[in-house]
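Below: the structure, in structure tokens.
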Amino acid sequence: RMDLFVETPEHIDIIDFKTDIFPEACRYRVQLEIYRHASQRFSGGKDTRIGIFWLRSSMLEWQETAMPENELVALCAAAARSPSHSYDS
């Protein structure tokens with residue numbers, strides 16, 4: 001689930017809070033891109049920014065480059081076929 005969702009007349013900001021000791025935004029790229037694509041679809045294409053707020057350092061890191069939808073779908077499909085991973089929240 002999204003930790004923070006803010007909608008303004010101009011855009012949407014989605015921020016996910018993380019407690020990792022060593023911040024590695026790449027570990028959460030697919031999760032955040034799912035949020036971005038879902039919000040754009042339900043908002044009629046409104047510009048959406050996604051970011052991670054690292055709680056240990058109080059740093060907000062915006063993810064600037066959007067993943068193409070076909071690449072995101074392929075990654076999600078591959079994850080769904082992989083029995084060796086647990087995707088519990």
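So you can find residues: chains in the structure tokens are A, B, ... in the order shown, residues in each start at 1, and ligands are numbered from 1 in order.
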
Could you find all residues in chain A that DSSP calls strand (DSSP E) from the backbone, and write them as number ranges by chain?
A: 4-7, 11-18, 47-54, 59-63

Pick out each residue of chain A that DSSP on the backbone tags as alpha helix (DSSP H); I need them as a list of chain:residue names.
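So the alpha helix (DSSP H) residues in chain A would be A:Arg29, A:Val30, A:Gln31, A:Leu32, A:Glu33, A:Ile34, A:Tyr35, A:Arg36, A:His37, A:Ala38, A:Ser39, A:Gln40, A:Arg41, A:Phe42, A:Glu69, A:Asn70, A:Glu71, A:Leu72, A:Val73, A:Ala74, A:Leu75, A:Cys76, A:Ala77, A:Ala78, A:Ala79, A:Ala80, A:Arg81.
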
At a cut-off of 10 Å, can you tabulate as CSV every residue of range 5-42 of chain A near range 65-86 of chain A together with its closest atom pair and the distance in Å to one decimal, using only C-alpha atoms and ordering rows by chain then number?
residue,atom,partner,partner_atom,distance
A:Arg29,CA,A:Met67,CA,8.7
A:Val30,CA,A:Leu72,CA,6.9
A:Gln31,CA,A:Cys76,CA,9.6
A:Leu32,CA,A:Ala66,CA,9.7
A:Glu33,CA,A:Met67,CA,6.6
A:Ile34,CA,A:Leu72,CA,7.6
A:Arg36,CA,A:Ala66,CA,8.2
A:His37,CA,A:Glu69,CA,7.5

For a test of reading the model, state the distance in Å between CA of Ile12 in chain A and CA of Arg49 in chain A, rounded to one decimal.
6.2 Å

Would you kindly return, as a PDB file with all heavy atoms, in the first residue's frame, each protein, DNA or RNA residue with an atom no farther than 10 Å from any atom of Ser58 in chain A, considering only C-alpha atoms and excluding same-chain residues fewer than 5 positions away?
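around06.pdb was written with the following content:
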ATOM      1  N   PHE A  17       7.781   5.302   2.754  1.00  0.00           N
ATOM      2  CA  PHE A  17       8.719   5.412   3.870  1.00  0.00           C
ATOM      3  C   PHE A  17       9.492   4.109   4.022  1.00  0.00           C
ATOM      4  O   PHE A  17       8.897   3.025   4.019  1.00  0.00           O
ATOM      5  CB  PHE A  17       7.971   5.720   5.172  1.00  0.00           C
ATOM      6  CG  PHE A  17       7.223   7.018   5.118  1.00  0.00           C
ATOM      7  CD1 PHE A  17       5.859   7.034   4.924  1.00  0.00           C
ATOM      8  CD2 PHE A  17       7.887   8.227   5.259  1.00  0.00           C
ATOM      9  CE1 PHE A  17       5.162   8.228   4.873  1.00  0.00           C
ATOM     10  CE2 PHE A  17       7.199   9.423   5.210  1.00  0.00           C
ATOM     11  CZ  PHE A  17       5.836   9.427   5.018  1.00  0.00           C
ATOM     12  N   THR A  19      12.899   2.103   6.183  1.00  0.00           N
ATOM     13  CA  THR A  19      13.756   2.130   7.363  1.00  0.00           C
ATOM     14  C   THR A  19      15.110   1.465   7.135  1.00  0.00           C
ATOM     15  O   THR A  19      15.852   1.244   8.096  1.00  0.00           O
ATOM     16  CB  THR A  19      13.055   1.418   8.543  1.00  0.00           C
ATOM     17  OG1 THR A  19      12.799   0.062   8.168  1.00  0.00           O
ATOM     18  CG2 THR A  19      11.774   2.107   8.935  1.00  0.00           C
ATOM     19  N   PHE A  53      11.164   8.228   1.267  1.00  0.00           N
ATOM     20  CA  PHE A  53      11.645   8.972   2.424  1.00  0.00           C
ATOM     21  C   PHE A  53      12.373   7.981   3.323  1.00  0.00           C
ATOM     22  O   PHE A  53      11.772   7.055   3.859  1.00  0.00           O
ATOM     23  CB  PHE A  53      10.505   9.644   3.190  1.00  0.00           C
ATOM     24  CG  PHE A  53      10.999  10.541   4.285  1.00  0.00           C
ATOM     25  CD1 PHE A  53      11.440  11.814   3.996  1.00  0.00           C
ATOM     26  CD2 PHE A  53      11.050  10.085   5.595  1.00  0.00           C
ATOM     27  CE1 PHE A  53      11.928  12.647   4.997  1.00  0.00           C
ATOM     28  CE2 PHE A  53      11.532  10.907   6.605  1.00  0.00           C
ATOM     29  CZ  PHE A  53      11.974  12.188   6.306  1.00  0.00           C
TER      30      PHE A  53
END

Using only C-alpha atoms, the best pick from A:Leu55, A:Ile50, A:Gln40, A:Gln63 as closest to Leu4 in chain A would be A:Ile50

Grab the CA of Ser39 in chain A to CA of Asp20 in chain A distance for me, in Å with one decimal place.
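That distance, rounded to one decimal, is 25.3 Å.
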